[in-house]
Structure formats: C-alpha cells, structure tokens
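To keep things clear, I will list the structure first and then write my remarks on it.
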Amino acid sequence: MITHLQYGHSELEVDLPFRHVTEIRPQFVPGLADERAGFETAVRCPLNSSPLAEIIAPDDTVAVVIADGTRPLPSDRLLPWLFAELAHVPAQNFTIIIGTGSHRATTPVEIEQLVGPQIARTYRLVDHNAYDDQALEQVGFIAEGRVPLQLNKAYVAANRRIVIGFIEPHFMAGFSGGYKGIFPAVAGIRAIMHYHRADCIGDPKSTWGVVQGNPTQAQIQEYGSAVPLDFCINVTLNHKRQITRYFCGEPLAVHKLGCAFVKETAMVGCKRPFPLVITSNSGYPLDQNLYQTVKGMCAAAEIVQEGGLIIVAACCSDGFPKHGNFTKLLVEHDSPQALLDTIFSPGFHMLDMWQAQKLAQVQLKAHIALYSELNAAELSRIRIEPIADINLYLQEKCRTMGPETPVAVLPEGPMTIPYLI
C-alpha cells in the first residue's frame with residue numbers, strides 16, 4: 001500500500017509492506033467556493049454580536065492579534081479582507097500583534113510571509129515579546145495573587161480588540177481558537193509558566209477534544225477575557241490549507257460552535273489500539289521543529305498499544321529548536337521517568353517544560369522513531385530512534401514484527417485525532 005504523509009512543504013511517499021493497514025484521516029471538507037465572500041458574510045452576520053463594521057468606529061484604535069508562524073493560519077488572505085471591511089478606519093489606527101506566546105521572535109522575512117508584503121509595509125506590526133516587561137501591561141493577578149497577569153501593552157491600550165485564529169484539536173487545551181489567540185499568545189512569561197504548570201498539563205482532562213472540565217481551557221477563557229475582546233474571527237482548514245468554515249462574533253459562542261464542527265470532522269473513533277502507528281506532524285509550518293512535532297506524537301499515542309512503536313515523519317528544518325529549554329531538559333535526564341520526576345518536583349519551573357513533559361509521557365508508553373532532517377546522534381541522545389530511509393525502515397519492521405501486524409496511519413498528523421471507543 002502506498003500512502004502520502006504531509007512532510008515539510010510537500011508530501012512523503014511511503015510504501016507500507018504490512019497487510020492490515022488502517023488509514024485514519026479527518027472527514028474531508030471542501031474549501032469554500034469563495035473565501036472572501038464567506039468572510040464578508042460571517043463578519044456581517046456574526047454569532048451573538050453586532051456586525052464587525054458597526055462595532056469599530058472611525059476614530060477607534062484597533063488591535064488585531066494573529067498567530068505566529070507555527071500555525072497554518074492564512075493571515076495573508078484574511079487581513080486584506082478585514083481591512084477592506086473596516087475601510088472607514090484609517091490604517092494608522094490599527095496595530096497587528098503577532099501572538100508568539102513563549103516562542104522565539106518572528107524574523108522580518110517571516111513577518112512578510114505571515115501578513116503579505118503590502119500589509120507589512122502599510123500597517124504597524126508588533127511582534128509580541130513575553131519576556132519584556134516594558135512591552136507588557138499588568139491587568140490583574142492569577143494563582144491567588146502570586147503571579148501577575150500581564151498582556152501585550154499595545155493590545156491593552158487599544159480601544160477595540162480583534163483576534164484571528166484557527167480551530168483544531170489541541171493536545172492540552174482540547175481545541176485551539178477562541179481566547180487561546182489571546183492567552184497565552186499575548187501574555188507575559190510568568191503567567192505563561194503558571195498556565196503550563198505540571199499538574200495542569202498532566203491532568204487527564206487537559207487533552208484532545210475536551211473543553212468542559214479541562215483546566216487548561218479554563219485558564220485560557222478566564223485569563224484571555226481579562227481585557228474585553230470585541231470580536232473573534234476563527235477559521236477551520238482542510239489539508240489543502242483551504243478555508244472550510246468561518247466562525248465569527250462573540251468569542252465563547254464562536255469557540256463552542258467551531259469546536260463542535262471540528263470534533264465532528266477531525267476526531268475519529270478506533271475500536272482497538274495498534275502495535276504500530278505511523279504519523280506526520282501535518283507538514284509545514286507545524287513540523288518545522290521537534291518541539292511542535294510532539295503534537296503528532298501525542299496524537300499517535302492515543303491509539304498505540306503499551307510498548308508499541310510510533311513512527312513519525314516531520315521535517316524539523318528549524319531543529320529542536322536551539323532556543324528555549326526543551327532540548328536542555330531532554331538531554332539532561334537519562335530517562336523519561338527521571339525527566340517527569342524533575343518536572344513534578346516541588347517548586348520546579350522552567351520554560352518549555354510542558355512540551356518535554358508531554359514527550360516524556362509518550363515515551364513511557366511507546367518507542368518513538370523519527371524520519372527528519374535532525375542529526376541522528378542528537379536524536380539518539382534523547383531516546384528517539386533516527387530513521388535514515390523510512391521505506392527501508394518499514395521493510396525491516398515488517399520482517400521483525402510480521403506482515404500481519406495491524407498498522408494505523410495518520411497521514412495528516414494531529415489534524416486527525418483518533419481515540420479509542
């Protein structure tokens with residue numbers, strides 16, 4: 001059987017020598033015939049809200065928050081339609097804020113790719129910096145008053161606030177979208193660290209497809225709404241990166257309806273676990289580093305047998321990456337359990353520990369092998385088996401595991417979330 005895994009900017013052709021292969025994909029939803037017309041209808045007839053153009057006055061200052069380059073949000077298409085809809089507001093009244101959360105800074109080239117060259121030249125752009133107190137405004141406290149809740153200063157200072165986001169299943173928050181485009185996207189690092197604390201990330205309800213009772217999602221909604229958000233524009237996409245639906249208006253109503261649609265189309269029930277699961281990380285931009293690729297591993301872990309094998313194809317052209325503490329945490333511990341023991345030790349806090357925590361949890365359940373551009377020795381050092389040739393590797397596994405071994409394949413990675421029924 002031949003399958004194609006999303007990999008980098010293209011696809012990877014994989015020849016599966018096994019006899020019992022289950023390919024798991026989201027329900028394909030065709031892209032809208034006219035994306036711009038769909039946008040205009042959605043912002044003029046929104047959910048639980050007045051039309052967008054009626055909310056924003058000509059003299060308002062407006063913050064527009066978009067996702068950073070680790071998300072496939074088509075900001076370069078959406079922003080021109082937004083500004084056309086709000087043509088009665090001068091360009092100088094807008095500030096576009098890139099919601100980086102705790103991620104690295106966005107390069108000038110990446111900014112132009114995100115918004116398009118014309119928007120980059122015309123509008124004020126702010127690349128959020130969670131580590132710079134001068135770029136943040138305190139709007140309250142969290143954690144019984146111990147942690148300041150800071151948000152981007154330009155966001156807080158605006159008269160009106162709009163977020164543009166993308167709804168997909170999320171391995172901690174249940175689903176992305178909604179207030180997640182604000183918190184943790186434009187929050188200060190101390191609040192982000194509290195949000196990602198080990199007991200919250202380790203909670204069984206901090207997982208794919210769960211909103212009610214999810215402590216991670218509860219924080220998103222509480223802290224993301226600390227400053228009024230006037231309008232939410234969320235989209236869903238298919239594997240061709242076409243917009244399939246718009247969900248626009250009041251943030252909670254938008255998110256509830258969007259999550260229901262995504263759960264119906266992107267989550268797939270499976271009757272049994274598999275000894276071998278093959279996945280991607282949905283291609284670029286989601287597979288640009290190992291940190292993000294943990295999401296694809298977590299999706300596969302939902303249906304892999306205890307002690308099974310997860311094979312991942314993710315380009316990882318941006319490395320582990322080099323910034324942050326993700327790599328440091330992995331290489332300084334000799335086992336996944338030792339890493340989790342450190343993370344759960346009283347008072348331990350370190351940037352990126354949440355992603356290392358999720359990876360360690362997967363490694364306790366299954367062996368991971370990765371086909372990527374990463375250095376083989378560096379992968380082996382963190383207990384991930386490097387794959388030089390994925391088709392030769394699969395042939396070898398077929399010989400050792402047997403051709404009758406049941407195999408599950410997630411060609412679109414975490415765009416499809418399987419679960420046991």
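Naming works like this for the structure tokens: A, B, ... for the chains as they're shown, residue 1 at the start of each chain, ligands 1 onward in shown order.
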
For A:Arg241, please output as a list in words all residues within 12 Å (counting only C-alpha atoms; exclusion window: fewer than 5 positions along the same chain).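 That gives Gln6, His9, Phe28, Val29, Pro30, Gly31, Leu32, Glu35, Arg71, Pro72, Leu73, Pro74, Ser75, Arg77, Phe166, Val235, Thr236, Ser282, Gly283, Tyr284, Pro285, Glu412 and Met415 of chain A.
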
Sort by chain and increasing residue number a table of all residues of stretch 89-108 of chain A within 9 Å of stretch 172-189 of chain A, each with its closest pair of atoms and their distance in Å to one decimal, counting only C-alpha atoms, and write it as a tab-separated table.
```
residue	atom	partner	partner_atom	distance
A:Ile97	CA	A:Val186	CA	8.1
A:Ile98	CA	A:Val186	CA	8.0
A:Gly99	CA	A:Ala185	CA	4.4
A:Thr100	CA	A:Ala185	CA	5.5
A:Gly101	CA	A:Ala185	CA	4.0
A:Ser102	CA	A:Ile189	CA	6.6
```

Using N, CA, C and O atoms, can you export the residues from the last selection as a compact mmCIF listing (two decimals), in the first residue's frame?
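File written: selection.txt
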```txt
# COMPACT_ATOMS: atom_id res chain seq x y z
N ILE A 97 -0.74 42.50 16.01
CA ILE A 97 0.12 41.90 17.02
C ILE A 97 0.28 40.42 16.70
O ILE A 97 -0.71 39.69 16.56
N ILE A 98 1.52 39.98 16.56
CA ILE A 98 1.80 38.56 16.30
C ILE A 98 1.87 37.85 17.64
O ILE A 98 2.74 38.13 18.47
N GLY A 99 0.94 36.93 17.87
CA GLY A 99 0.85 36.26 19.17
C GLY A 99 1.83 35.11 19.30
O GLY A 99 1.49 33.95 19.07
N THR A 100 3.04 35.43 19.69
CA THR A 100 4.11 34.42 19.76
C THR A 100 4.06 33.59 21.03
O THR A 100 4.72 32.54 21.10
N GLY A 101 3.31 34.03 22.06
CA GLY A 101 3.37 33.31 23.33
C GLY A 101 4.80 33.30 23.85
O GLY A 101 5.46 34.34 23.91
N SER A 102 5.31 32.12 24.18
CA SER A 102 6.69 32.00 24.65
C SER A 102 7.65 31.61 23.53
O SER A 102 8.82 31.34 23.78
```

I need the strand (DSSP E or B) residues of stretch 107-352 of chain A per DSSP on the backbone, written as an NGL selection string. :A and (124-127 or 136-142 or 147-152 or 160-166 or 169-170 or 174-175 or 187 or 231-237 or 243-249 or 267-270 or 274-280 or 304-313)

Taking a cut-off of 9 Å and counting only C-alpha atoms, can you build a table that, for each residue of stretch 227-337 of chain A near stretch 205-211 of chain A, reports the nearest atom pair and how far apart they are in Å (one decimal), sorted by chain then residue number, as JSON lines?
```
{"residue": "A:Lys256", "atom": "CA", "partner": "A:Val211", "partner_atom": "CA", "distance": 8.9}
{"residue": "A:Cys259", "atom": "CA", "partner": "A:Gly209", "partner_atom": "CA", "distance": 8.0}
{"residue": "A:Val262", "atom": "CA", "partner": "A:Gly209", "partner_atom": "CA", "distance": 8.9}
{"residue": "A:Lys263", "atom": "CA", "partner": "A:Gly209", "partner_atom": "CA", "distance": 6.6}
{"residue": "A:Met267", "atom": "CA", "partner": "A:Gly209", "partner_atom": "CA", "distance": 7.9}
{"residue": "A:Ala299", "atom": "CA", "partner": "A:Trp208", "partner_atom": "CA", "distance": 8.2}
```

Same residues, all heavy atoms, saved as a short mmCIF file (atom, residue, chain, number, x, y, z; two decimals), in the first residue's frame:
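This is the output file selection.cif:
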```cif
data_model
loop_
_atom_site.label_atom_id
_atom_site.label_comp_id
_atom_site.auth_asym_id
_atom_site.auth_seq_id
_atom_site.Cartn_x
_atom_site.Cartn_y
_atom_site.Cartn_z
N LYS A 256 -17.44 27.60 20.86
CA LYS A 256 -18.30 26.44 21.10
C LYS A 256 -18.78 25.82 19.79
O LYS A 256 -18.71 24.60 19.60
CB LYS A 256 -19.50 26.86 21.96
CG LYS A 256 -20.43 25.70 22.31
CD LYS A 256 -21.57 26.17 23.21
CE LYS A 256 -22.48 25.00 23.56
NZ LYS A 256 -23.60 25.42 24.47
N CYS A 259 -15.69 24.35 17.79
CA CYS A 259 -15.19 23.10 18.36
C CYS A 259 -16.10 21.92 18.02
O CYS A 259 -15.62 20.82 17.74
CB CYS A 259 -15.04 23.23 19.88
SG CYS A 259 -13.71 24.32 20.40
N VAL A 262 -15.33 20.94 14.47
CA VAL A 262 -14.03 20.27 14.35
C VAL A 262 -14.07 18.87 14.95
O VAL A 262 -13.50 17.92 14.40
CB VAL A 262 -12.92 21.12 15.00
CG1 VAL A 262 -11.60 20.36 15.06
CG2 VAL A 262 -12.73 22.42 14.21
N LYS A 263 -14.75 18.73 16.09
CA LYS A 263 -14.85 17.40 16.70
C LYS A 263 -15.54 16.43 15.77
O LYS A 263 -15.13 15.25 15.64
CB LYS A 263 -15.61 17.49 18.03
CG LYS A 263 -15.61 16.19 18.80
CD LYS A 263 -16.10 16.37 20.23
CE LYS A 263 -15.93 15.09 21.03
NZ LYS A 263 -16.29 15.26 22.46
N MET A 267 -12.06 14.27 14.52
CA MET A 267 -11.80 13.24 15.52
C MET A 267 -12.44 11.93 15.07
O MET A 267 -13.61 11.90 14.67
CB MET A 267 -12.30 13.69 16.89
CG MET A 267 -11.61 14.96 17.36
SD MET A 267 -11.92 15.39 19.09
CE MET A 267 -10.95 14.14 19.94
N ALA A 299 -0.81 12.62 19.28
CA ALA A 299 -1.99 12.12 18.55
C ALA A 299 -1.86 10.62 18.33
O ALA A 299 -2.81 9.85 18.56
CB ALA A 299 -2.13 12.85 17.22
#
```

Taking only stretch 74-264 of chain A into account, list the residues labelled alpha helix (DSSP H) by DSSP (computed from the backbone), as an NGL selection string. :A and (75-85 or 108-115 or 117-122 or 153-157 or 189-195 or 198-201 or 215-224 or 251-264)

Counting only C-alpha atoms, the residue of A:Asp76, A:Glu306, A:Glu110, A:Glu250 that sits nearest A:Leu364: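 Once distances to A:Leu364 are computed over only C-alpha atoms, the minimum belongs to A:Glu306.
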
If we count only C-alpha atoms and set the cut-off at 6 Å, which residues sit around stretch 56-68 of chain A, ignoring sequence neighbours fewer than 5 positions away in its own chain? Please answer as a JSON list (two decimals) with C-alpha atoms, in the first residue's frame.
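Now in out.json:
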```json
[["chain", "number", "residue", "atom", "x", "y", "z"],
["A", 88, "HIS", "CA", -13.77, 53.53, 7.35],
["A", 89, "VAL", "CA", -10.91, 53.23, 9.88],
["A", 93, "ASN", "CA", -5.32, 53.28, 13.76],
["A", 94, "PHE", "CA", -4.54, 49.56, 13.51],
["A", 95, "THR", "CA", -1.84, 47.56, 15.24],
["A", 96, "ILE", "CA", -1.28, 43.96, 14.15],
["A", 97, "ILE", "CA", 0.12, 41.90, 17.02],
["A", 98, "ILE", "CA", 1.80, 38.56, 16.30],
["A", 99, "GLY", "CA", 0.85, 36.26, 19.17],
["A", 100, "THR", "CA", 4.11, 34.42, 19.76],
["A", 155, "TYR", "CA", -3.28, 45.08, 22.96],
["A", 158, "ALA", "CA", -6.34, 49.72, 22.06],
["A", 159, "ASN", "CA", -9.97, 50.87, 22.16],
["A", 160, "ARG", "CA", -11.10, 47.79, 20.25],
["A", 161, "ARG", "CA", -9.64, 44.28, 20.01],
["A", 162, "ILE", "CA", -9.99, 41.58, 17.36],
["A", 163, "VAL", "CA", -8.43, 38.12, 17.33],
["A", 164, "ILE", "CA", -7.99, 35.98, 14.22]]
```
